[in-house]
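Participant: Sending over model_21.cif (mmCIF, C-alpha atoms and all ligand atoms).
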data_entry
loop_
_atom_site.label_atom_id
_atom_site.label_comp_id
_atom_site.auth_asym_id
_atom_site.auth_seq_id
_atom_site.Cartn_x
_atom_site.Cartn_y
_atom_site.Cartn_z
CA MET Z 1 48.97 51.52 49.93
CA SER Z 2 49.07 54.90 48.25
CA ARG Z 3 52.36 56.78 47.94
CA LYS Z 4 53.15 59.90 46.05
CA VAL Z 5 54.70 59.54 42.64
CA ASN Z 6 56.72 62.42 41.18
CA LYS Z 7 58.74 61.15 38.26
CA ILE Z 8 57.53 58.53 35.82
CA GLY Z 9 59.56 56.63 33.23
CA VAL Z 10 57.92 55.10 30.17
CA LEU Z 11 59.30 52.42 27.86
CA THR Z 12 58.20 50.10 25.07
CA SER Z 13 59.37 46.50 25.12
CA GLY Z 14 59.11 43.33 23.00
CA GLY Z 15 57.66 43.35 19.48
CA ASP Z 16 56.41 46.81 18.49
CA SER Z 17 52.75 47.35 17.64
CA PRO Z 18 50.85 50.18 15.93
CA GLY Z 19 49.46 52.50 18.61
CA MET Z 20 52.47 52.35 20.92
CA ASN Z 21 53.22 55.99 20.05
CA ALA Z 22 49.66 57.00 20.87
CA ALA Z 23 50.10 55.29 24.25
CA ILE Z 24 53.43 57.07 24.92
CA ARG Z 25 51.78 60.38 24.06
CA ALA Z 26 48.89 59.72 26.45
CA VAL Z 27 51.23 58.71 29.29
CA VAL Z 28 53.52 61.73 28.87
CA ARG Z 29 50.74 64.29 28.49
CA THR Z 30 48.67 62.92 31.39
CA GLY Z 31 51.75 63.04 33.63
CA ILE Z 32 52.53 66.61 32.60
CA PHE Z 33 48.89 67.58 33.17
CA HIS Z 34 49.35 66.42 36.77
CA GLY Z 35 52.64 68.34 37.17
CA LEU Z 36 54.84 65.23 37.14
CA GLU Z 37 58.28 64.89 35.54
CA MET Z 38 58.17 62.43 32.67
CA TYR Z 39 61.08 60.40 31.30
CA GLY Z 40 61.43 58.37 28.14
CA ILE Z 41 63.53 55.22 28.28
CA MET Z 42 64.95 54.13 24.92
CA HIS Z 43 65.19 50.51 23.69
CA GLY Z 44 63.06 48.98 26.45
CA TYR Z 45 64.77 47.42 29.46
CA SER Z 46 68.06 47.53 27.61
CA GLY Z 47 67.99 51.37 27.62
CA MET Z 48 67.18 51.35 31.31
CA LEU Z 49 70.32 49.30 31.89
CA ASN Z 50 72.45 51.41 29.58
CA ASP Z 51 71.17 54.73 30.90
CA GLU Z 52 69.39 55.84 27.73
CA ILE Z 53 66.92 57.94 29.68
CA PHE Z 54 65.79 61.49 28.88
CA GLN Z 55 63.23 63.94 30.14
CA MET Z 56 60.13 64.40 28.00
CA GLU Z 57 57.91 67.43 27.61
CA GLY Z 58 54.46 67.73 26.10
CA LYS Z 59 56.04 68.70 22.80
CA SER Z 60 58.28 65.59 22.80
CA VAL Z 61 55.18 63.60 21.82
CA ALA Z 62 53.76 66.05 19.27
CA ASN Z 63 52.82 64.64 15.88
CA ILE Z 64 53.23 60.97 16.82
CA ILE Z 65 49.66 59.76 17.46
CA GLN Z 66 49.36 58.71 13.81
CA ARG Z 67 52.76 57.02 13.52
CA GLY Z 68 53.46 53.28 13.64
CA GLY Z 69 56.51 51.83 15.40
CA THR Z 70 57.67 53.46 18.61
CA ILE Z 71 59.65 56.67 19.05
CA LEU Z 72 61.23 55.08 22.15
CA LYS Z 73 62.42 52.07 20.10
CA THR Z 74 62.07 48.60 21.51
CA ALA Z 75 64.14 45.53 22.24
CA ARG Z 76 64.07 42.14 23.88
CA CYS Z 77 66.70 42.28 26.66
CA MET Z 78 68.40 39.15 28.00
CA GLU Z 79 70.52 41.03 30.56
CA PHE Z 80 67.40 42.25 32.34
CA MET Z 81 66.54 38.62 33.09
CA GLU Z 82 69.52 38.51 35.47
CA TYR Z 83 69.48 40.18 38.90
CA GLU Z 84 72.72 42.06 38.19
CA GLY Z 85 71.19 43.60 35.08
CA ARG Z 86 68.08 44.72 36.95
CA LYS Z 87 70.24 46.22 39.71
CA LYS Z 88 72.13 48.28 37.14
CA ALA Z 89 68.83 49.40 35.62
CA TYR Z 90 67.45 50.45 38.99
CA ALA Z 91 70.55 52.53 39.77
CA ASN Z 92 69.85 54.57 36.62
CA LEU Z 93 66.29 55.26 37.75
CA GLU Z 94 67.32 56.01 41.31
CA LYS Z 95 69.88 58.64 40.39
CA ARG Z 96 67.12 60.62 38.64
CA GLY Z 97 64.53 59.98 41.32
CA ILE Z 98 62.22 58.11 38.94
CA ASP Z 99 59.63 56.54 41.22
CA GLY Z 100 57.11 55.01 38.83
CA LEU Z 101 57.25 53.12 35.55
CA VAL Z 102 54.89 52.47 32.64
CA ILE Z 103 55.79 49.46 30.52
CA ILE Z 104 54.12 49.08 27.12
CA GLY Z 105 54.56 45.54 25.83
CA GLY Z 106 53.43 41.94 26.06
CA ASP Z 107 53.13 39.35 28.83
CA GLY Z 108 56.90 38.70 28.94
CA SER Z 109 57.61 42.40 29.47
CA PHE Z 110 55.03 42.47 32.26
CA ARG Z 111 56.61 39.53 34.05
CA GLY Z 112 59.99 41.32 33.90
CA ALA Z 113 58.34 44.39 35.43
CA GLN Z 114 56.82 42.34 38.23
CA VAL Z 115 60.16 40.84 39.24
CA PHE Z 116 61.87 44.24 38.99
CA SER Z 117 59.24 45.91 41.09
CA SER Z 118 59.32 43.27 43.82
CA GLU Z 119 63.11 43.52 44.07
CA PHE Z 120 63.43 47.31 44.02
CA ASP Z 121 60.09 48.52 45.31
CA ILE Z 122 59.20 50.67 42.32
CA PRO Z 123 55.56 50.72 41.21
CA CYS Z 124 55.04 49.53 37.64
CA ILE Z 125 51.98 49.74 35.42
CA GLY Z 126 51.71 47.73 32.18
CA LEU Z 127 49.89 48.58 28.96
CA PRO Z 128 49.17 45.65 26.61
CA GLY Z 129 50.98 46.42 23.36
CA THR Z 130 51.01 43.46 20.99
CA ILE Z 131 49.45 42.71 17.62
CA ASP Z 132 48.74 39.14 18.74
CA LYS Z 133 45.89 40.01 21.17
CA ASP Z 134 47.03 37.13 23.33
CA ILE Z 135 46.94 38.61 26.84
CA ALA Z 136 44.25 37.53 29.28
CA GLY Z 137 42.51 40.37 31.17
CA THR Z 138 41.70 42.63 28.24
CA ASP Z 139 39.43 42.48 25.22
CA PHE Z 140 41.84 44.63 23.23
CA THR Z 141 45.56 44.97 22.88
CA ILE Z 142 47.19 48.01 21.32
CA GLY Z 143 47.98 47.12 17.70
CA PHE Z 144 45.70 44.18 17.01
CA ASP Z 145 43.05 46.13 15.16
CA THR Z 146 45.58 47.77 12.84
CA ALA Z 147 47.45 44.53 12.22
CA VAL Z 148 44.35 42.56 11.38
CA ASN Z 149 43.15 45.30 9.02
CA THR Z 150 46.56 45.33 7.33
CA ALA Z 151 46.25 41.57 6.88
CA VAL Z 152 42.73 41.90 5.45
CA GLU Z 153 43.85 44.55 2.96
CA ALA Z 154 46.75 42.38 1.81
CA ILE Z 155 44.66 39.20 1.58
CA ASP Z 156 42.04 41.01 -0.53
CA LYS Z 157 44.84 41.86 -2.96
CA VAL Z 158 46.04 38.27 -3.02
CA ARG Z 159 42.47 37.20 -3.79
CA ASP Z 160 42.50 39.35 -6.95
CA THR Z 161 45.51 37.56 -8.37
CA ALA Z 162 44.29 34.18 -7.10
CA ASP Z 163 41.05 34.79 -8.97
CA ALA Z 164 42.83 35.90 -12.15
CA HIS Z 165 44.87 32.70 -12.26
CA ASP Z 166 42.44 30.24 -10.64
CA ARG Z 167 44.93 29.43 -7.92
CA LEU Z 168 45.00 28.20 -4.38
CA PHE Z 169 46.85 30.63 -2.09
CA ILE Z 170 48.16 29.65 1.29
CA ILE Z 171 48.68 32.85 3.23
CA GLU Z 172 50.66 33.02 6.45
CA VAL Z 173 49.84 35.68 9.02
CA MET Z 174 51.61 36.46 12.30
CA GLY Z 175 50.83 34.72 15.57
CA ARG Z 176 53.52 32.53 17.08
CA ASP Z 177 51.27 31.29 19.87
CA ALA Z 178 47.91 32.73 18.99
CA GLY Z 179 45.50 32.54 16.07
CA TYR Z 180 43.49 35.74 16.58
CA ILE Z 181 44.90 37.48 13.50
CA ALA Z 182 44.34 34.36 11.39
CA LEU Z 183 40.80 33.80 12.62
CA HIS Z 184 39.64 37.40 12.23
CA SER Z 185 41.36 38.07 8.91
CA GLY Z 186 40.26 34.68 7.55
CA ILE Z 187 36.61 35.31 8.31
CA ALA Z 188 36.80 38.85 6.97
CA THR Z 189 38.30 37.75 3.65
CA GLY Z 190 36.11 34.71 3.05
CA ALA Z 191 38.90 32.15 3.42
CA GLU Z 192 38.07 28.46 2.94
CA ASN Z 193 40.18 27.29 5.87
CA ILE Z 194 41.91 28.84 8.85
CA LEU Z 195 44.74 27.04 10.64
CA ILE Z 196 45.57 28.25 14.15
CA PRO Z 197 47.77 26.98 17.01
CA GLU Z 198 44.80 26.61 19.36
CA LYS Z 199 43.03 23.98 17.27
CA LYS Z 200 44.09 20.68 15.73
CA THR Z 201 43.52 20.62 12.00
CA ASP Z 202 42.57 17.59 9.96
CA ILE Z 203 44.74 18.39 6.94
CA ASN Z 204 43.42 15.41 5.01
CA GLU Z 205 39.93 16.79 5.33
CA ILE Z 206 41.23 20.02 3.74
CA VAL Z 207 42.84 18.02 0.93
CA GLU Z 208 39.59 16.14 0.32
CA SER Z 209 37.54 19.31 0.20
CA LEU Z 210 40.04 20.93 -2.21
CA ALA Z 211 39.85 17.85 -4.43
CA GLU Z 212 36.06 18.05 -4.41
CA LYS Z 213 36.21 21.79 -5.22
CA GLU Z 214 38.66 21.07 -8.05
CA LYS Z 215 36.11 18.66 -9.55
CA ARG Z 216 33.40 21.30 -9.53
CA LYS Z 217 35.86 23.87 -10.87
CA LYS Z 218 36.01 26.05 -7.77
CA LEU Z 219 39.67 26.81 -8.18
CA VAL Z 220 40.10 30.03 -6.23
CA ASN Z 221 40.78 29.11 -2.66
CA LEU Z 222 42.43 30.96 0.20
CA ILE Z 223 43.81 29.17 3.23
CA ILE Z 224 44.98 31.34 6.13
CA VAL Z 225 47.67 29.88 8.37
CA ALA Z 226 48.92 31.39 11.63
CA GLU Z 227 52.73 31.17 11.73
CA GLY Z 228 52.54 29.08 14.92
CA ASP Z 229 50.13 26.44 13.62
CA GLU Z 230 50.96 22.78 14.24
CA PHE Z 231 52.44 22.20 10.75
CA GLY Z 232 55.01 24.99 11.08
CA GLY Z 233 53.56 27.60 8.72
CA ALA Z 234 52.33 28.11 5.17
CA ASN Z 235 55.28 26.51 3.36
CA GLU Z 236 54.79 23.24 5.18
CA VAL Z 237 51.04 23.23 4.61
CA SER Z 238 51.62 23.98 0.94
CA ALA Z 239 54.18 21.18 0.55
CA TYR Z 240 51.71 18.66 1.97
CA ILE Z 241 48.84 19.81 -0.27
CA LYS Z 242 51.06 19.89 -3.37
CA GLU Z 243 52.15 16.34 -2.74
CA LYS Z 244 48.53 15.17 -2.51
CA LEU Z 245 47.10 17.39 -5.27
CA PRO Z 246 49.95 18.02 -7.71
CA LYS Z 247 47.67 19.42 -10.40
CA LEU Z 248 46.32 22.20 -8.22
CA GLU Z 249 48.08 25.50 -8.88
CA THR Z 250 49.27 26.57 -5.47
CA ARG Z 251 51.20 29.60 -4.22
CA VAL Z 252 52.39 30.70 -0.80
CA CYS Z 253 52.31 34.28 0.49
CA ILE Z 254 53.86 35.17 3.84
CA LEU Z 255 52.65 38.55 5.06
CA GLY Z 256 55.28 38.87 7.80
CA HIS Z 257 56.29 42.13 9.42
CA ILE Z 258 54.11 44.41 7.30
CA GLN Z 259 51.46 43.45 9.87
CA ARG Z 260 53.45 45.17 12.60
CA GLY Z 261 53.88 48.51 10.86
CA GLY Z 262 51.75 51.31 9.54
CA SER Z 263 49.61 54.09 10.90
CA PRO Z 264 47.42 52.86 13.78
CA SER Z 265 43.69 52.53 13.20
CA CYS Z 266 41.24 54.84 14.95
CA MET Z 267 40.41 51.99 17.33
CA ASP Z 268 44.06 51.47 18.32
CA ARG Z 269 44.61 55.21 18.84
CA VAL Z 270 41.54 55.43 21.06
CA ILE Z 271 42.35 52.41 23.25
CA ALA Z 272 46.01 53.47 23.50
CA SER Z 273 44.93 56.95 24.63
CA ARG Z 274 42.47 55.59 27.19
CA MET Z 275 44.93 53.04 28.55
CA GLY Z 276 47.83 55.52 28.65
CA TYR Z 277 45.73 58.03 30.57
CA HIS Z 278 44.67 55.35 33.07
CA ALA Z 279 48.23 54.11 33.53
CA VAL Z 280 49.27 57.48 34.97
CA GLU Z 281 46.04 57.93 36.93
CA SER Z 282 46.69 54.48 38.41
CA LEU Z 283 50.19 55.40 39.58
CA ILE Z 284 48.85 58.61 41.11
CA GLU Z 285 46.05 56.72 42.87
CA GLY Z 286 48.62 54.31 44.27
CA ARG Z 287 47.66 51.30 42.17
CA HIS Z 288 50.80 49.19 41.78
CA ASN Z 289 51.97 46.35 39.61
CA VAL Z 290 48.95 45.81 37.43
CA PHE Z 291 48.39 46.15 33.74
CA VAL Z 292 45.56 48.23 32.36
CA GLY Z 293 43.09 46.45 30.12
CA ILE Z 294 39.62 47.08 28.79
CA LEU Z 295 36.99 44.41 29.47
CA ASN Z 296 33.38 44.95 28.40
CA ASN Z 297 34.28 48.58 27.68
CA LYS Z 298 35.40 49.16 31.29
CA MET Z 299 38.94 49.65 32.52
CA ASN Z 300 40.23 46.44 34.07
CA TYR Z 301 43.34 45.96 36.19
CA THR Z 302 45.15 42.61 36.28
CA PRO Z 303 48.14 41.97 38.57
CA LEU Z 304 51.34 41.83 36.53
CA ASN Z 305 52.21 38.44 37.98
CA GLU Z 306 48.94 37.10 36.54
CA ALA Z 307 49.78 38.35 33.05
CA VAL Z 308 49.54 35.21 31.00
CA LYS Z 309 49.26 34.44 27.36
CA LYS Z 310 45.61 34.10 26.51
CA LYS Z 311 44.80 30.86 24.79
CA GLN Z 312 41.78 31.52 22.70
CA ARG Z 313 38.80 29.33 23.45
CA ILE Z 314 37.77 28.26 20.03
CA ASN Z 315 34.29 29.34 19.24
CA GLU Z 316 33.14 26.34 17.21
CA GLU Z 317 30.37 28.44 15.75
CA TRP Z 318 32.99 30.71 14.12
CA MET Z 319 34.61 27.67 12.53
CA LYS Z 320 31.22 26.45 11.32
CA ILE Z 321 30.53 29.87 9.80
CA VAL Z 322 33.89 29.75 7.95
CA LYS Z 323 32.98 26.35 6.46
CA ILE Z 324 29.43 27.22 5.46
CA LEU Z 325 30.29 30.58 3.94
CA ALA Z 326 33.26 29.26 1.97
CA SER Z 327 31.48 26.29 0.39
O1 LIG Q 401 54.57 39.14 19.31
C1 LIG Q 401 54.26 39.70 18.09
C2 LIG Q 401 54.96 38.97 16.97
O2 LIG Q 401 54.70 39.74 15.85
C3 LIG Q 401 54.57 37.51 16.75
O3 LIG Q 401 53.33 37.35 16.12
C4 LIG Q 401 55.73 37.04 15.93
O4 LIG Q 401 55.90 35.67 16.00
C5 LIG Q 401 56.88 37.73 16.59
O5 LIG Q 401 56.36 38.92 17.15
C6 LIG Q 401 58.03 38.04 15.67
O6 LIG Q 401 59.05 38.63 16.40
P1 LIG Q 401 60.40 39.20 15.78
O7 LIG Q 401 60.07 40.47 15.07
O8 LIG Q 401 61.28 39.42 16.95
O9 LIG Q 401 60.90 38.17 14.84
#
Can the structure in the file be given as structure tokens, please?
Ligand code: F6P

Facilitator:
Amino acid sequence: MSRKVNKIGVLTSGGDSPGMNAAIRAVVRTGIFHGLEMYGIMHGYSGMLNDEIFQMEGKSVANIIQRGGTILKTARCMEFMEYEGRKKAYANLEKRGIDGLVIIGGDGSFRGAQVFSSEFDIPCIGLPGTIDKDIAGTDFTIGFDTAVNTAVEAIDKVRDTADAHDRLFIIEVMGRDAGYIALHSGIATGAENILIPEKKTDINEIVESLAEKEKRKKLVNLIIVAEGDEFGGANEVSAYIKEKLPKLETRVCILGHIQRGGSPSCMDRVIASRMGYHAVESLIEGRHNVFVGILNNKMNYTPLNEAVKKKQRINEEWMKIVKILAS
């Protein structure tokens, strides 16, 4: 059912991702274009609870499309998980007459929005902001493209030093539950092996192939490990390989949070702008409690309560390509 929206609040929640600022800009400017009052909420749900809310103008979002991080800051908020916390948060919206919300974050942030909206009857629209690309209902998440390109740039640099010293490098990329960054960056950098949470790895097979490569003097090898792989990350994988092949010169490199920062890629700026625009259009059209995605280059709307972590279906052909090309 359609109902008029007049004042929209926007917040970023969970882990930040490059392109969140471009999304905030799109939300604020689309709202202002339609004559709505726009409000920024600092520090995610925590700022909603603590009344860190301020009115935004078109110029509040000037010069941010190219910036990483989020001008609204972000947080993971435990208090919002309790009813009393959400009640306090709602009171802060109510006193300003805020009657619509845009939440930029991951699946956990969307589930919080769904509960909040069902308790307090405030329409919420989600925008998928996460470098992990692990939300079902969209082909893209804001930040993935930048993060994976940051990883590729860093891994290329590691390859230079690996080559100079004839070393094996085990490189850990982000992805607590998902291996998209590992799979894409691994293929793009010509890695020999890619370890991801979605697929069981035969580590002894890796050891055997490294031993065989050692014999034929192929000493430069890159193994990409998602932080959430079954062994517990690059250090653990390295310890196992070192024990089996003590003569192989091995180093570990953990890329960590550099993958979350930096200026967003063109792709992330474009999808953030499209999604941000459609978030406000959705609220105006009376679409409630969905998150905006892009599937097959078309806008796609998934109910917030169906926001689930996407488990990647492993394309065995991709794995075969990795093996053949790295031999
Ligand atoms: O959700 C994005 C992500 O970068 C994960 O890949 C990673 O495990 C996690 O956030 C790290 O979170 P934090 O910065 O809170 O340690």

Participant: Ligand LIG 401 (chain Q): which residues are within 9 Å, counting all atoms listed in the file? Reply as a ChimeraX atom specification.

Facilitator: /Z:14-17,75-76,106,130-134,173-178,181,226-228,256-257,259-260

Participant: Would you save the residues from that selection as an mmCIF file, in the coordinates of the input, using C-alpha atoms?

Facilitator:
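The resulting file, out.cif, is shown below:
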data_model
loop_
_atom_site.group_PDB
_atom_site.id
_atom_site.type_symbol
_atom_site.label_atom_id
_atom_site.label_comp_id
_atom_site.auth_asym_id
_atom_site.auth_seq_id
_atom_site.Cartn_x
_atom_site.Cartn_y
_atom_site.Cartn_z
ATOM 1 C CA GLY Z 14 59.110 43.330 23.000
ATOM 2 C CA GLY Z 15 57.660 43.350 19.480
ATOM 3 C CA ASP Z 16 56.410 46.810 18.490
ATOM 4 C CA SER Z 17 52.750 47.350 17.640
ATOM 5 C CA ALA Z 75 64.140 45.530 22.240
ATOM 6 C CA ARG Z 76 64.070 42.140 23.880
ATOM 7 C CA GLY Z 106 53.430 41.940 26.060
ATOM 8 C CA THR Z 130 51.010 43.460 20.990
ATOM 9 C CA ILE Z 131 49.450 42.710 17.620
ATOM 10 C CA ASP Z 132 48.740 39.140 18.740
ATOM 11 C CA LYS Z 133 45.890 40.010 21.170
ATOM 12 C CA ASP Z 134 47.030 37.130 23.330
ATOM 13 C CA VAL Z 173 49.840 35.680 9.020
ATOM 14 C CA MET Z 174 51.610 36.460 12.300
ATOM 15 C CA GLY Z 175 50.830 34.720 15.570
ATOM 16 C CA ARG Z 176 53.520 32.530 17.080
ATOM 17 C CA ASP Z 177 51.270 31.290 19.870
ATOM 18 C CA ALA Z 178 47.910 32.730 18.990
ATOM 19 C CA ILE Z 181 44.900 37.480 13.500
ATOM 20 C CA ALA Z 226 48.920 31.390 11.630
ATOM 21 C CA GLU Z 227 52.730 31.170 11.730
ATOM 22 C CA GLY Z 228 52.540 29.080 14.920
ATOM 23 C CA GLY Z 256 55.280 38.870 7.800
ATOM 24 C CA HIS Z 257 56.290 42.130 9.420
ATOM 25 C CA GLN Z 259 51.460 43.450 9.870
ATOM 26 C CA ARG Z 260 53.450 45.170 12.600
#

Participant: In terms of the shortest atom-to-atom distance over only C-alpha atoms, which of Z:Met48, Z:Leu255, Z:Cys266, Z:Ala326 is closest to Glu153 (chain Z)?

Facilitator: Z:Leu255

Participant: Which residue gives the smallest distance to Phe291 (chain Z) among Z:Ala62, Z:Ile125, Z:Ile103, Z:Val152, with all atoms listed in the file counted?

Facilitator: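 The answer is Z:Ile125, which sits nearest to Phe291 (chain Z).
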
Participant: Quick one: of Z:Cys253, Z:Met56, Z:Leu183, Z:Ala22, who's nearest to Lys199 (chain Z), counting all atoms listed in the file?

Facilitator: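 With all atoms listed in the file as the atom set, the closest residue is Z:Leu183.
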
Participant: Of the residues Z:Ile224, Z:Val207, Z:Ala91, Z:Ala147, which is the one nearest to Gly129 (chain Z), using all atoms listed in the file?

Facilitator: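 Going through Z:Ile224, Z:Val207, Z:Ala91, Z:Ala147 one by one, the smallest distance to Gly129 (chain Z) is for Z:Ala147.
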